[in-house]
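Structure data follow from input11.pdb (PDB, N, CA and C atoms):
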ATOM      1  N   MET A   1     145.225  58.929 102.974
ATOM      2  CA  MET A   1     144.752  57.565 102.927
ATOM      3  C   MET A   1     143.628  57.456 101.907
ATOM      4  N   ALA A   2     143.882  56.745 100.859
ATOM      5  CA  ALA A   2     142.870  56.576  99.829
ATOM      6  C   ALA A   2     142.198  55.220 100.000
ATOM      7  N   PHE A   3     141.479  55.056 101.091
ATOM      8  CA  PHE A   3     140.822  53.784 101.361
ATOM      9  C   PHE A   3     139.330  53.893 101.134
ATOM     10  N   ALA A   4     138.734  52.746 100.946
ATOM     11  CA  ALA A   4     137.291  52.669 100.786
ATOM     12  C   ALA A   4     136.772  51.553 101.676
ATOM     13  N   CYS A   5     135.488  51.577 101.965
ATOM     14  CA  CYS A   5     134.853  50.525 102.747
ATOM     15  C   CYS A   5     134.849  49.245 101.924
ATOM     16  N   ASP A   6     135.249  48.134 102.539
ATOM     17  CA  ASP A   6     135.297  46.860 101.823
ATOM     18  C   ASP A   6     133.909  46.284 101.575
ATOM     19  N   ILE A   7     132.889  46.760 102.276
ATOM     20  CA  ILE A   7     131.532  46.242 102.103
ATOM     21  C   ILE A   7     130.762  47.063 101.076
ATOM     22  N   CYS A   8     130.630  48.349 101.317
ATOM     23  CA  CYS A   8     129.790  49.176 100.436
ATOM     24  C   CYS A   8     130.592  49.989  99.424
ATOM     25  N   GLY A   9     131.914  50.085  99.597
ATOM     26  CA  GLY A   9     132.738  50.826  98.651
ATOM     27  C   GLY A   9     132.722  52.328  98.839
ATOM     28  N   LYS A  10     132.239  52.791  99.992
ATOM     29  CA  LYS A  10     132.183  54.227 100.252
ATOM     30  C   LYS A  10     133.599  54.805 100.273
ATOM     31  N   LYS A  11     133.823  55.887  99.503
ATOM     32  CA  LYS A  11     135.140  56.518  99.409
ATOM     33  C   LYS A  11     135.053  57.968  99.881
ATOM     34  N   ARG A  12     136.170  58.656  99.760
ATOM     35  CA  ARG A  12     136.169  60.052 100.173
ATOM     36  C   ARG A  12     135.401  60.898  99.169
ATOM     37  N   MET A  13     134.843  61.996  99.668
ATOM     38  CA  MET A  13     134.130  62.950  98.819
ATOM     39  C   MET A  13     134.802  64.297  98.974
ATOM     40  N   THR A  14     134.684  65.145  97.963
ATOM     41  CA  THR A  14     135.284  66.465  98.033
ATOM     42  C   THR A  14     134.192  67.514  98.169
ATOM     43  N   GLY A  15     134.588  68.638  98.748
ATOM     44  CA  GLY A  15     133.661  69.743  98.933
ATOM     45  C   GLY A  15     134.450  71.004  99.209
ATOM     46  N   HIS A  16     133.825  71.937  99.898
ATOM     47  CA  HIS A  16     134.459  73.215 100.195
ATOM     48  C   HIS A  16     134.383  73.515 101.683
ATOM     49  N   ASN A  17     135.452  74.124 102.219
ATOM     50  CA  ASN A  17     135.355  74.851 103.476
ATOM     51  C   ASN A  17     134.810  76.222 103.112
ATOM     52  N   VAL A  18     133.782  76.676 103.802
ATOM     53  CA  VAL A  18     133.196  77.983 103.510
ATOM     54  C   VAL A  18     133.358  78.854 104.740
ATOM     55  N   SER A  19     134.109  79.935 104.592
ATOM     56  CA  SER A  19     134.358  80.833 105.715
ATOM     57  C   SER A  19     133.182  81.796 105.899
ATOM     58  N   HIS A  20     133.245  82.565 106.977
ATOM     59  CA  HIS A  20     132.203  83.556 107.248
ATOM     60  C   HIS A  20     132.156  84.603 106.145
ATOM     61  N   ALA A  21     133.301  84.854 105.514
ATOM     62  CA  ALA A  21     133.369  85.804 104.399
ATOM     63  C   ALA A  21     133.025  85.132 103.070
ATOM     64  N   ASN A  22     132.527  83.881 103.124
ATOM     65  CA  ASN A  22     132.107  83.106 101.961
ATOM     66  C   ASN A  22     133.264  82.772 101.026
ATOM     67  N   ASN A  23     134.502  82.712 101.580
ATOM     68  CA  ASN A  23     135.631  82.207 100.807
ATOM     69  C   ASN A  23     135.531  80.684 100.790
ATOM     70  N   LYS A  24     135.824  80.104  99.640
ATOM     71  CA  LYS A  24     135.709  78.656  99.512
ATOM     72  C   LYS A  24     137.072  78.055  99.200
ATOM     73  N   THR A  25     137.467  77.069  99.999
ATOM     74  CA  THR A  25     138.686  76.318  99.748
ATOM     75  C   THR A  25     138.335  74.836  99.725
ATOM     76  N   LYS A  26     139.109  74.084  98.969
ATOM     77  CA  LYS A  26     138.813  72.654  98.819
ATOM     78  C   LYS A  26     139.049  71.903 100.123
ATOM     79  N   ARG A  27     138.242  70.884 100.369
ATOM     80  CA  ARG A  27     138.411  70.007 101.516
ATOM     81  C   ARG A  27     137.946  68.613 101.149
ATOM     82  N   VAL A  28     138.211  67.646 102.029
ATOM     83  CA  VAL A  28     137.880  66.244 101.770
ATOM     84  C   VAL A  28     137.035  65.724 102.922
ATOM     85  N   PHE A  29     135.948  65.039 102.591
ATOM     86  CA  PHE A  29     135.125  64.341 103.568
ATOM     87  C   PHE A  29     135.501  62.868 103.494
ATOM     88  N   ARG A  30     136.052  62.315 104.572
ATOM     89  CA  ARG A  30     136.476  60.917 104.569
ATOM     90  C   ARG A  30     135.477  60.062 105.334
ATOM     91  N   PRO A  31     135.253  58.827 104.890
ATOM     92  CA  PRO A  31     134.355  57.938 105.630
ATOM     93  C   PRO A  31     135.011  57.495 106.927
ATOM     94  N   ASN A  32     134.201  57.197 107.918
ATOM     95  CA  ASN A  32     134.687  56.744 109.218
ATOM     96  C   ASN A  32     134.949  55.239 109.119
ATOM     97  N   LEU A  33     136.187  54.882 108.752
ATOM     98  CA  LEU A  33     136.545  53.482 108.549
ATOM     99  C   LEU A  33     137.154  52.888 109.809
ATOM    100  N   GLN A  34     136.737  51.677 110.130
ATOM    101  CA  GLN A  34     137.264  50.942 111.274
ATOM    102  C   GLN A  34     137.843  49.624 110.769
ATOM    103  N   THR A  35     138.948  49.197 111.376
ATOM    104  CA  THR A  35     139.518  47.892 111.048
ATOM    105  C   THR A  35     138.862  46.856 111.948
ATOM    106  N   VAL A  36     138.279  45.822 111.321
ATOM    107  CA  VAL A  36     137.462  44.846 112.042
ATOM    108  C   VAL A  36     137.868  43.446 111.597
ATOM    109  N   ARG A  37     137.914  42.519 112.560
ATOM    110  CA  ARG A  37     138.072  41.108 112.207
ATOM    111  C   ARG A  37     136.688  40.568 111.891
ATOM    112  N   ALA A  38     136.486  40.193 110.643
ATOM    113  CA  ALA A  38     135.162  39.744 110.211
ATOM    114  C   ALA A  38     135.276  38.377 109.558
ATOM    115  N   LEU A  39     134.154  37.669 109.556
ATOM    116  CA  LEU A  39     134.100  36.367 108.888
ATOM    117  C   LEU A  39     133.825  36.586 107.403
ATOM    118  N   ILE A  40     134.785  36.215 106.568
ATOM    119  CA  ILE A  40     134.646  36.309 105.125
ATOM    120  C   ILE A  40     134.831  34.904 104.563
ATOM    121  N   ASN A  41     133.774  34.341 103.982
ATOM    122  CA  ASN A  41     133.792  32.969 103.442
ATOM    123  C   ASN A  41     134.240  31.949 104.484
ATOM    124  N   GLY A  42     133.807  32.130 105.726
ATOM    125  CA  GLY A  42     134.114  31.191 106.793
ATOM    126  C   GLY A  42     135.452  31.399 107.466
ATOM    127  N   ALA A  43     136.255  32.334 106.995
ATOM    128  CA  ALA A  43     137.568  32.591 107.589
ATOM    129  C   ALA A  43     137.591  34.000 108.169
ATOM    130  N   ALA A  44     138.342  34.173 109.257
ATOM    131  CA  ALA A  44     138.467  35.489 109.882
ATOM    132  C   ALA A  44     139.497  36.308 109.121
ATOM    133  N   ARG A  45     139.078  37.504 108.702
ATOM    134  CA  ARG A  45     139.973  38.408 107.984
ATOM    135  C   ARG A  45     139.840  39.800 108.540
ATOM    136  N   ARG A  46     140.908  40.583 108.463
ATOM    137  CA  ARG A  46     140.838  41.986 108.852
ATOM    138  C   ARG A  46     140.410  42.802 107.638
ATOM    139  N   ILE A  47     139.319  43.543 107.788
ATOM    140  CA  ILE A  47     138.832  44.386 106.703
ATOM    141  C   ILE A  47     138.576  45.788 107.241
ATOM    142  N   ARG A  48     138.563  46.741 106.331
ATOM    143  CA  ARG A  48     138.250  48.132 106.690
ATOM    144  C   ARG A  48     136.794  48.383 106.321
ATOM    145  N   VAL A  49     135.993  48.752 107.326
ATOM    146  CA  VAL A  49     134.553  48.864 107.154
ATOM    147  C   VAL A  49     134.102  50.215 107.693
ATOM    148  N   CYS A  50     133.168  50.854 106.995
ATOM    149  CA  CYS A  50     132.609  52.104 107.496
ATOM    150  C   CYS A  50     131.634  51.796 108.631
ATOM    151  N   THR A  51     131.420  52.747 109.491
ATOM    152  CA  THR A  51     130.583  52.538 110.662
ATOM    153  C   THR A  51     129.118  52.356 110.289
ATOM    154  N   ARG A  52     128.681  52.831 109.148
ATOM    155  CA  ARG A  52     127.310  52.615 108.703
ATOM    156  C   ARG A  52     127.071  51.130 108.447
ATOM    157  N   CYS A  53     128.040  50.455 107.815
ATOM    158  CA  CYS A  53     127.908  49.009 107.562
ATOM    159  C   CYS A  53     127.975  48.217 108.864
ATOM    160  N   LEU A  54     128.815  48.652 109.793
ATOM    161  CA  LEU A  54     128.902  47.974 111.086
ATOM    162  C   LEU A  54     127.587  48.083 111.842
ATOM    163  N   ARG A  55     127.026  49.288 111.856
ATOM    164  CA  ARG A  55     125.821  49.549 112.624
ATOM    165  C   ARG A  55     124.604  48.847 112.045
ATOM    166  N   SER A  56     124.571  48.726 110.721
ATOM    167  CA  SER A  56     123.405  48.121 110.087
ATOM    168  C   SER A  56     123.484  46.603 110.025
ATOM    169  N   GLY A  57     124.559  46.011 110.559
ATOM    170  CA  GLY A  57     124.639  44.562 110.660
ATOM    171  C   GLY A  57     125.069  43.869 109.382
ATOM    172  N   LEU A  58     125.750  44.557 108.476
ATOM    173  CA  LEU A  58     126.222  43.939 107.247
ATOM    174  C   LEU A  58     127.508  43.138 107.463
ATOM    175  N   VAL A  59     128.108  43.280 108.658
ATOM    176  CA  VAL A  59     129.375  42.600 108.953
ATOM    177  C   VAL A  59     129.139  41.617 110.085
ATOM    178  N   THR A  60     129.592  40.371 109.919
ATOM    179  CA  THR A  60     129.576  39.405 111.013
ATOM    180  C   THR A  60     130.972  39.351 111.604
ATOM    181  N   LYS A  61     131.102  39.799 112.839
ATOM    182  CA  LYS A  61     132.402  39.860 113.481
ATOM    183  C   LYS A  61     132.900  38.471 113.855
ATOM    184  N   ALA A  62     134.207  38.286 113.784
ATOM    185  CA  ALA A  62     134.828  37.035 114.207
ATOM    186  C   ALA A  62     135.204  37.151 115.675
ATOM    187  N   VAL A  63     135.135  36.032 116.380
ATOM    188  CA  VAL A  63     135.456  36.041 117.815
ATOM    189  C   VAL A  63     136.937  35.819 118.009
TER     190      VAL A  63
END
Hey, can you dump this file as structure tokens for me?
Amino acid sequence: MAFACDICGKKRMTGHNVSHANNKTKRVFRPNLQTVRALINGAARRIRVCTRCLRSGLVTKAV
């Protein structure tokens, strides 16, 4: 899933799995995206938002 947060644009990041023997293999860190009904320009829309934006109050949820 190549998705990003619709509010802040946070995307996946790459890094390494590091074993006890210090072997490094590629891995992906994905943002914690939630599908939320939010008010966008006065209309309710479903958007994908990271939990950081939800928690900090950048999204106004639709009822």
Q) What does the distance from atom CA of Leu58 of chain A to atom CA of Arg30 of chain A come to in Å, to one decimal? A)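 Going from atom CA of Leu58 of chain A over to atom CA of Arg30 of chain A, I get 20.0 Å.
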Hits of the PyMOL selection byres ((chain A and resi 27-29) around 8) in this structure, as a tab-separated table (two decimals) with N, CA and C atoms, keeping the file's coordinate frame:
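Output file expr_17.tsv is given in full below:
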chain	number	residue	atom	x	y	z
A	11	LYS	N	133.82	55.89	99.50
A	11	LYS	CA	135.14	56.52	99.41
A	11	LYS	C	135.05	57.97	99.88
A	12	ARG	N	136.17	58.66	99.76
A	12	ARG	CA	136.17	60.05	100.17
A	12	ARG	C	135.40	60.90	99.17
A	13	MET	N	134.84	62.00	99.67
A	13	MET	CA	134.13	62.95	98.82
A	13	MET	C	134.80	64.30	98.97
A	14	THR	N	134.68	65.14	97.96
A	14	THR	CA	135.28	66.46	98.03
A	14	THR	C	134.19	67.51	98.17
A	15	GLY	N	134.59	68.64	98.75
A	15	GLY	CA	133.66	69.74	98.93
A	15	GLY	C	134.45	71.00	99.21
A	16	HIS	N	133.82	71.94	99.90
A	16	HIS	CA	134.46	73.22	100.20
A	16	HIS	C	134.38	73.52	101.68
A	17	ASN	N	135.45	74.12	102.22
A	17	ASN	CA	135.35	74.85	103.48
A	17	ASN	C	134.81	76.22	103.11
A	24	LYS	N	135.82	80.10	99.64
A	24	LYS	CA	135.71	78.66	99.51
A	24	LYS	C	137.07	78.06	99.20
A	25	THR	N	137.47	77.07	100.00
A	25	THR	CA	138.69	76.32	99.75
A	25	THR	C	138.34	74.84	99.72
A	26	LYS	N	139.11	74.08	98.97
A	26	LYS	CA	138.81	72.65	98.82
A	26	LYS	C	139.05	71.90	100.12
A	30	ARG	N	136.05	62.32	104.57
A	30	ARG	CA	136.48	60.92	104.57
A	30	ARG	C	135.48	60.06	105.33
A	31	PRO	N	135.25	58.83	104.89
A	31	PRO	CA	134.35	57.94	105.63
A	31	PRO	C	135.01	57.50	106.93
A	32	ASN	N	134.20	57.20	107.92
A	32	ASN	CA	134.69	56.74	109.22
A	32	ASN	C	134.95	55.24	109.12
Given the PyMOL selection byres ((chain A and resi 34-42) around 7), the residues it picks as a short mmCIF file (atom, residue, chain, number, x, y, z; two decimals) with N, CA and C atoms, keeping the file's coordinate frame:
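Output below, filename part-v9.cif:
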data_model
loop_
_atom_site.label_atom_id
_atom_site.label_comp_id
_atom_site.auth_asym_id
_atom_site.auth_seq_id
_atom_site.Cartn_x
_atom_site.Cartn_y
_atom_site.Cartn_z
N PRO A 31 135.25 58.83 104.89
CA PRO A 31 134.35 57.94 105.63
C PRO A 31 135.01 57.50 106.93
N ASN A 32 134.20 57.20 107.92
CA ASN A 32 134.69 56.74 109.22
C ASN A 32 134.95 55.24 109.12
N LEU A 33 136.19 54.88 108.75
CA LEU A 33 136.54 53.48 108.55
C LEU A 33 137.15 52.89 109.81
N ALA A 43 136.26 32.33 107.00
CA ALA A 43 137.57 32.59 107.59
C ALA A 43 137.59 34.00 108.17
N ALA A 44 138.34 34.17 109.26
CA ALA A 44 138.47 35.49 109.88
C ALA A 44 139.50 36.31 109.12
N ARG A 45 139.08 37.50 108.70
CA ARG A 45 139.97 38.41 107.98
C ARG A 45 139.84 39.80 108.54
N ARG A 46 140.91 40.58 108.46
CA ARG A 46 140.84 41.99 108.85
C ARG A 46 140.41 42.80 107.64
N ILE A 47 139.32 43.54 107.79
CA ILE A 47 138.83 44.39 106.70
C ILE A 47 138.58 45.79 107.24
N ARG A 48 138.56 46.74 106.33
CA ARG A 48 138.25 48.13 106.69
C ARG A 48 136.79 48.38 106.32
N VAL A 49 135.99 48.75 107.33
CA VAL A 49 134.55 48.86 107.15
C VAL A 49 134.10 50.22 107.69
N CYS A 50 133.17 50.85 107.00
CA CYS A 50 132.61 52.10 107.50
C CYS A 50 131.63 51.80 108.63
N THR A 51 131.42 52.75 109.49
CA THR A 51 130.58 52.54 110.66
C THR A 51 129.12 52.36 110.29
N VAL A 59 128.11 43.28 108.66
CA VAL A 59 129.38 42.60 108.95
C VAL A 59 129.14 41.62 110.08
N THR A 60 129.59 40.37 109.92
CA THR A 60 129.58 39.40 111.01
C THR A 60 130.97 39.35 111.60
N LYS A 61 131.10 39.80 112.84
CA LYS A 61 132.40 39.86 113.48
C LYS A 61 132.90 38.47 113.86
N ALA A 62 134.21 38.29 113.78
CA ALA A 62 134.83 37.03 114.21
C ALA A 62 135.20 37.15 115.68
N VAL A 63 135.14 36.03 116.38
CA VAL A 63 135.46 36.04 117.82
C VAL A 63 136.94 35.82 118.01
#
**Q.** Interatomic distance (Å, one decimal) between atom C of Gly57 of chain A and atom C of Asp6 of chain A
**A.**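 Atom C of Asp6 of chain A lies at a distance of 12.0 Å from atom C of Gly57 of chain A.
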Q) Just asking: which residues within chain A are helix (DSSP H, G or I) according to DSSP, as a list in words? A)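 Restricting chain A to helix (DSSP H, G or I) produces Thr51, Arg52, Cys53, Leu54 and Arg55 of chain A.
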Q) Do you have the atom N of Ala4 of chain A-atom N of Arg55 of chain A distance handy? A) 16.4 Å
Q | Residue list (strand (DSSP E or B), DSSP) for chain A, as a ChimeraX atom specification | A | /A:13-18,24-29,33-40,43-50,61
